[in-house]
Amino acid sequence: MMKSSSVSVVALMAFSNALSANHSLTPHIALTNKMKLMVFVDGSEHADKAFEKAMRATTDTDELFIIYGCEFLDHMLALSAATPMGASPAMLSPDVIAHHRKAQEDHGKQICAKYIEKCKENKIRNFHALVLTTTGYAKEECVQFAEEKDIDIIFVGSRGLGVVSRFFLGSFSNYILHHSKCDVVLVK
């Protein structure tokens, strides 16, 4: 049985330069060539490599989604908060949970900030940096998010070892590779 989850998306930056009237492409050609690319980042070396590859693949008419995702599993927080005295999950206050969630989102914003700067430096015309926080499993939510956004290609690092390494550890890359309906580029 699949546990229901909730997803929160924090839009950090949506940067788009509209094509000028003097642009050589007609609107029809620009629309038919536009691709939606997505890259998952966590600040690790593998995520950086996936981001670089996604950025190189992005053209002026493409849209690049930079996603920092983190799982916020209430039961995992409860287990990490347990003390030798035997604290139970019921002892966690809503304030503690809210504080932990905000700290994760703030960390995601910091991670995304460096990718936002790289996009600007490399004159990427149309990008979105998002923090995706879920109470479910990040790998499932990321695949669903890609489907909802009609992503054409996903770039993912083969292994992430950043602060939120559980986002990429284990079978994250494998799950994305086998469950996404679009093409996936696995970057080593």
# chains A, B, ... in the order shown; residues from 1 in each chain; ligands from 1
$ residues_around --residues "Ile111 in chain A" --least-positions-apart "6" --cutoff "9 Å" --atoms "only C-alpha atoms" --output "list of chain:residue names"
A:Val41, A:Asp42, A:Gly43, A:Tyr68
$ atom_distance --atom1 "CA of Cys182 in chain A" --atom2 "CA of Cys142 in chain A"
12.3 Å
$ atom_distance --atom1 "CA of Thr133 in chain A" --atom2 "CA of Gly69 in chain A"
5.8 Å
$ closest_residue --among "A:Cys70, A:Ile124, A:Met55, A:Met38" --to "His100 in chain A" --atoms "only C-alpha atoms"
A:Cys70
